[in-house]
Amino acid sequence: MTSSPSFIPQSDPPLPPWETLPTMYDLPSDNPEEPGLPDDFHFLQPLLLYLTFQPTIWNPELVYSAADLNLYYDLQHPLWYKRPDWFGVVGVSKLYKGEDLRLSYVTWQEPANPFVVVELLSPGTEAEDLGMKNNAAHKPPSKWEVYERILRIPYYIVFSRYTDELQAFQLVGGHYEPMNLTEGRLPMPELGLSLGLWQGSFQDIPKLWLRWFTLAGELIPLATEEAVTAKQEAAQARQEAAQAREKAEQLTERLRQLGVNPDELD
């Protein structure tokens, strides 16, 4: 006797994918076979971007960024992911649903896709990062294809620490077009920010870094830099006050030498 086939009951109308597909709690947040690059630069450079990503025209509570976090992007292949070196999002709370630190970024569970992605070139990754590698039909697409065609991320930045070359692409008409630098920076007016190269010391390491600026070209300061600036301003104020006291004392002494009692002056 042949048993009748079993069917999975469907709701009518069908539930939206963010209610039926896996969430960040269901999907893996790491891969033992893909541990990432264990070099200092891939830790420090995204950290600097993270600390200075402060869009001036957005509520800070609706700004999120992450480094080396799984980015799930395909409803049809929910286990496929990319792992950007750094990405920033606006219009999204810092906590998942306002409650939990993210284990990964699952686009079908979030209100917005990343707005800007930065990849740091490494030996062996250039072909995929710059869209020069065509993956087979049954394989996951390259990062370039995901960022351009699937997630449609407005800005894609690629930086090489080996050549100090900064390449930037903006989504125009559904395709990435190269961006030109303006006064050495990449303006992103939708954020009130620009991105550029900065020769300076971060974590006591002097080198050329990729860093966020205002649209006018002023550095977005780190907390440590703000503290140093406050100390310098306080020291300058003390010095100016001391100079003013010294001048007042010199004037008082000069008046006494001229036979004038400064205490009797109105």
# chains A, B, ... in the order shown; residues from 1 in each chain; ligands from 1
$ residues_around --residues "Thr23 of chain A" --least-positions-apart "3" --cutoff "9 Å" --atoms "only C-alpha atoms" --output "list of chain:residue names"
A:Trp18, A:Glu19, A:Thr20, A:Asp26, A:Leu27, A:Val106, A:Trp108, A:Gln109
$ closest_atom_pairs --of "segment 118-220 of chain A" --to "segment 80-94 of chain A" --cutoff "8 Å" --atoms "only C-alpha atoms" --output "Markdown table"
| residue | atom | partner | partner_atom | distance |
| --- | --- | --- | --- | --- |
| A:Val118 | CA | A:Trp86 | CA | 5.2 |
| A:Glu119 | CA | A:Asp85 | CA | 5.2 |
| A:Leu120 | CA | A:Asp85 | CA | 6.5 |
| A:Pro140 | CA | A:Trp80 | CA | 6.7 |
| A:Lys143 | CA | A:Lys82 | CA | 6.7 |
$ closest_residue --among "A:Leu103, A:Leu95, A:Leu44, A:Val146" --to "Leu69 of chain A" --atoms "only C-alpha atoms"
A:Leu103
$ residues_around --residues "Ile57 of chain A" --least-positions-apart "5" --cutoff "9 Å" --atoms "only C-alpha atoms" --output "PyMOL selection string"
chain A and resi 190-193
$ residues_around --residues "segment 148-164 of chain A" --least-positions-apart "6" --cutoff "7 Å" --atoms "only C-alpha atoms" --output "list in words"
Tyr73, Asn113, Pro114, Phe115, Val116, Val117, Val118, Glu119, Leu120, Leu121, Gln170, Leu171, His175 and Tyr176 of chain A
$ write_last_selection --atoms "C-alpha atoms" --output "PDB file, in the first residue's frame"
ATOM      1  CA  TYR A  73      22.769  38.395   1.964  1.00  0.00           C
ATOM      2  CA  ASN A 113      21.681  47.087   4.075  1.00  0.00           C
ATOM      3  CA  PRO A 114      25.208  48.385   4.644  1.00  0.00           C
ATOM      4  CA  PHE A 115      25.790  51.857   3.230  1.00  0.00           C
ATOM      5  CA  VAL A 116      29.560  51.622   2.847  1.00  0.00           C
ATOM      6  CA  VAL A 117      31.972  48.681   2.802  1.00  0.00           C
ATOM      7  CA  VAL A 118      35.760  48.707   3.100  1.00  0.00           C
ATOM      8  CA  GLU A 119      37.942  45.800   2.005  1.00  0.00           C
ATOM      9  CA  LEU A 120      41.662  45.692   2.777  1.00  0.00           C
ATOM     10  CA  LEU A 121      43.581  44.024  -0.023  1.00  0.00           C
ATOM     11  CA  GLN A 170      29.964  54.429  -6.154  1.00  0.00           C
ATOM     12  CA  LEU A 171      26.778  52.701  -7.231  1.00  0.00           C
ATOM     13  CA  HIS A 175      26.737  49.435 -11.438  1.00  0.00           C
ATOM     14  CA  TYR A 176      29.869  50.502  -9.622  1.00  0.00           C
TER      15      TYR A 176
END
$ select_by_dssp --residues "segment 60-222 of chain A" --states "strand (DSSP E or B)" --output "PyMOL selection string"
chain A and resi 63-66+71-72+81-82+86-90+96+100+105-106+116-120+155-160+165-172+175-178+182+185-188+193-202+205-214+219
$ residues_around --residues "Leu186 of chain A" --least-positions-apart "3" --cutoff "12 Å" --atoms "only C-alpha atoms" --output "count of residues only"
31
$ atom_distance --atom1 "atom CA of Leu251 of chain A" --atom2 "atom CA of Arg238 of chain A"
20.0 Å
$ residues_around --residues "Tyr96 of chain A" --least-positions-apart "6" --cutoff "12 Å" --atoms "only C-alpha atoms" --output "ChimeraX atom specification"
/A:23-25,62,64,102-107,109-111
$ atom_distance --atom1 "atom CA of Glu225 of chain A" --atom2 "atom CA of Lys207 of chain A"
16.6 Å
$ atom_distance --atom1 "atom CA of Thr56 of chain A" --atom2 "atom CA of Pro221 of chain A"
12.5 Å
$ closest_residue --among "A:Asp263, A:Asp74, A:Asp204, A:Asp100" --to "Glu145 of chain A" --atoms "only C-alpha atoms"
A:Asp74
$ select_by_dssp --residues "segment 59-143 of chain A" --states "helix (DSSP H, G or I)" --output "list in words"
Pro60, Glu61, Leu62, Thr107, Trp108, Gln109, Glu126, Ala127, Glu128, Asp129 and Lys143 of chain A
$ closest_residue --among "A:Ala67, A:Leu15, A:Ile220, A:Ala242" --to "Gln45 of chain A" --atoms "only C-alpha atoms"
A:Ala67
$ closest_residue --among "A:Ser122, A:Gln76, A:Gln257, A:Thr224" --to "Asp39 of chain A" --atoms "only C-alpha atoms"
A:Ser122
$ closest_residue --among "A:Leu130, A:Leu101, A:Val63, A:Leu48" --to "Ile205 of chain A" --atoms "only C-alpha atoms"
A:Leu48
